[in-house]
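Working notes, beginning with the structure itself.
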Amino acid sequence: MQFHLYQIVITIVSAYMIFQGIRNYLKGKTGQTITKILIRIVVWGGMATVATFPKITNVLASVIGLEGNINAVIMAGFLLIFLIIFKLLSAIERLERDISILTRKDTLENLDKNN
Amino acid sequence: MKNPEDKKIFIVIPALNEEKVIQETLDEIKNAGYSNIIVVDDGSSDQTYAKAKEVENVTSLRHKINRGKGAAVKTGIEAAKLLEAEIIVTMDGDGQHDPRDIQKLVEPIIQDKKDVVLGTRLQNPKGMPFYKRLHNYIANGITWYLFGLWVTDSQSGFRAYSRRAADLINTQHDRYEYDSEVIREIYIYKLKYGEVPIKVRYTEYSMNKENKQNLFNGIKTLYRMLWKIIN
């Protein structure tokens, strides 16, 4: 089995990213959740798998129902990115709402002091 | 039994960077006979809060950071509720709204005929720039399509609420989409609402404000309304 340079680079980078994520999680760094580590493993692990075993994309193509394996990879990638963006926007929305609630609470405490 | 005319009316004014006009606006409201006034400075970068505080018998509140017009109005309404308001009127802080119209807005609530009264610019659009009229028609159409209620001015900030309506309406939007969200709440809770023509004074100051509602902001508002629905 012959490896190209890009396959080696992608695999090394992916392994490093997954390693970093797991290390941060185990160290209990702030903001590291099990969901985040799972997303990291799926994204970087998926890239490494496709780079190392390109033929696996044929399986993906037949599962999705597309003829071209590259099209299937691109489509799956878009879907994943869309889901991540959706999750990010939802999280930002939730944070915005929480900030407004906190700001309001703080402001109304001053009302109590004034009266 | 309390005379309906003696109902405790609170005027809520959200303000962002209005240092040039806020005192004049507040004095005008006081001169019109209203003494319960709450100003919510929405994290202004100028002296709006300090200027409002200088005006006697006005409750001045401040958001430490900017949260948007909707958030500021909601804070003001919550404050009015804590101060036992029976009728709450919201109006802009840039002096566009004429305090003499407040009586027209609160009258149907005092008489217990309405829960919410919306001031509408489009029943008397004299002096209103064409692009603003167009913007309003589009906003009204979108509000009707998304929230199910047709009103002639879905973006007007000059409104009056009964205490019951203020207790029921629970908005989540922080920015300009708040105005349309109130329409949805009226529809959901089947509140009795009416529209009253109001006069709007388009001054050079109000037309040149940086944070005014324009086409770009309108598109952002629409995006946020749609996002809230799918999210």
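Ligands are numbered from 1 in the order shown, residues from 1 within each chain, and chains are lettered A, B, ... in the order they appear in the structure tokens.
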
Kindly provide the residues of chain A that approach chain B to within 8 Å, each paired with its closest atom pair and their distance in Å to one decimal, based on only C-alpha atoms, listed by chain and increasing number, as JSON lines.
```
{"residue": "A:Ser90", "atom": "CA", "partner": "B:Asn231", "partner_atom": "CA", "distance": 7.0}
{"residue": "A:Arg97", "atom": "CA", "partner": "B:Gln172", "partner_atom": "CA", "distance": 7.5}
{"residue": "A:Ser100", "atom": "CA", "partner": "B:Arg67", "partner_atom": "CA", "distance": 6.2}
{"residue": "A:Thr103", "atom": "CA", "partner": "B:His63", "partner_atom": "CA", "distance": 6.1}
{"residue": "A:Arg104", "atom": "CA", "partner": "B:Thr75", "partner_atom": "CA", "distance": 5.8}
{"residue": "A:Asp106", "atom": "CA", "partner": "B:His63", "partner_atom": "CA", "distance": 8.0}
{"residue": "A:Thr107", "atom": "CA", "partner": "B:His63", "partner_atom": "CA", "distance": 6.0}
{"residue": "A:Leu108", "atom": "CA", "partner": "B:Ala79", "partner_atom": "CA", "distance": 6.5}
{"residue": "A:Asn110", "atom": "CA", "partner": "B:Leu61", "partner_atom": "CA", "distance": 7.3}
{"residue": "A:Leu111", "atom": "CA", "partner": "B:Leu61", "partner_atom": "CA", "distance": 7.0}
```

Mind checking DSSP for stretch 126-181 of chain B and telling me the strand (DSSP E) residues as a PDB file with N, CA and C atoms, in the first residue's frame?
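As written to disk, out.pdb reads:
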```pdb
ATOM      1  N   ARG B 159     -46.578  52.816  22.038  1.00  0.00           N
ATOM      2  CA  ARG B 159     -47.639  51.862  22.345  1.00  0.00           C
ATOM      3  C   ARG B 159     -48.062  51.969  23.808  1.00  0.00           C
ATOM      4  N   ALA B 160     -49.260  51.510  24.077  1.00  0.00           N
ATOM      5  CA  ALA B 160     -49.723  51.498  25.469  1.00  0.00           C
ATOM      6  C   ALA B 160     -50.229  50.105  25.820  1.00  0.00           C
ATOM      7  N   TYR B 161     -49.925  49.662  27.020  1.00  0.00           N
ATOM      8  CA  TYR B 161     -50.295  48.319  27.475  1.00  0.00           C
ATOM      9  C   TYR B 161     -51.047  48.413  28.803  1.00  0.00           C
ATOM     10  N   SER B 162     -52.069  47.603  28.918  1.00  0.00           N
ATOM     11  CA  SER B 162     -52.717  47.477  30.226  1.00  0.00           C
ATOM     12  C   SER B 162     -51.802  46.625  31.097  1.00  0.00           C
TER      13      SER B 162
END
```

- request: Run DSSP on the backbone and grab whatever in stretch 36-173 of chain B lands in helix (DSSP H, G or I); send it over as a PyMOL selection string.
  value: chain B and resi 48-54+69-82+99-110+130-147+163-168

task: Calculate how many Å separate atom CA of B:Gly141 from atom CA of B:Gly127, rounding to one decimal.
output: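 Going from atom CA of B:Gly141 over to atom CA of B:Gly127, I get 22.1 Å.
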
message: Residues within 12 Å of stretch 148-152 of chain B, please, as a PyMOL selection string. Count only C-alpha atoms; anything in the same chain fewer than 5 positions from it doesn't count.
response: chain B and resi 117-125+133-143+179-188+190-191+193-198

- request: Measure the distance from atom CA of B:Ile77 to atom CA of A:Lys105 in Å and round it to one decimal.
  value: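 According to the coordinates, atom CA of B:Ile77 and atom CA of A:Lys105 are separated by 12.8 Å.
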
query: Contacts of stretch 26-42 of chain A at 12 Å or less, counting only C-alpha atoms, minus same-chain residues fewer than 4 places along, as a list of chain:residue names?
result: A:Ser14, A:Ala15, A:Tyr16, A:Met17, A:Ile18, A:Phe19, A:Gln20, A:Gly21, A:Ile22, A:Gly46, A:Met47, A:Ala48, A:Thr49, A:Val50, A:Gly77, A:Leu80, A:Ile81, A:Leu83, A:Ile84, A:Lys87, A:Leu88

message: Calculated over only C-alpha atoms, which of the candidates B:Ala32, B:Phe216, B:Gln23, B:Ala85 has the smallest distance to B:Glu56?
response: B:Gln23

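As for atom CA of A:Gln2 and atom CA of A:Ala76, they are spaced 26.1 Å apart.
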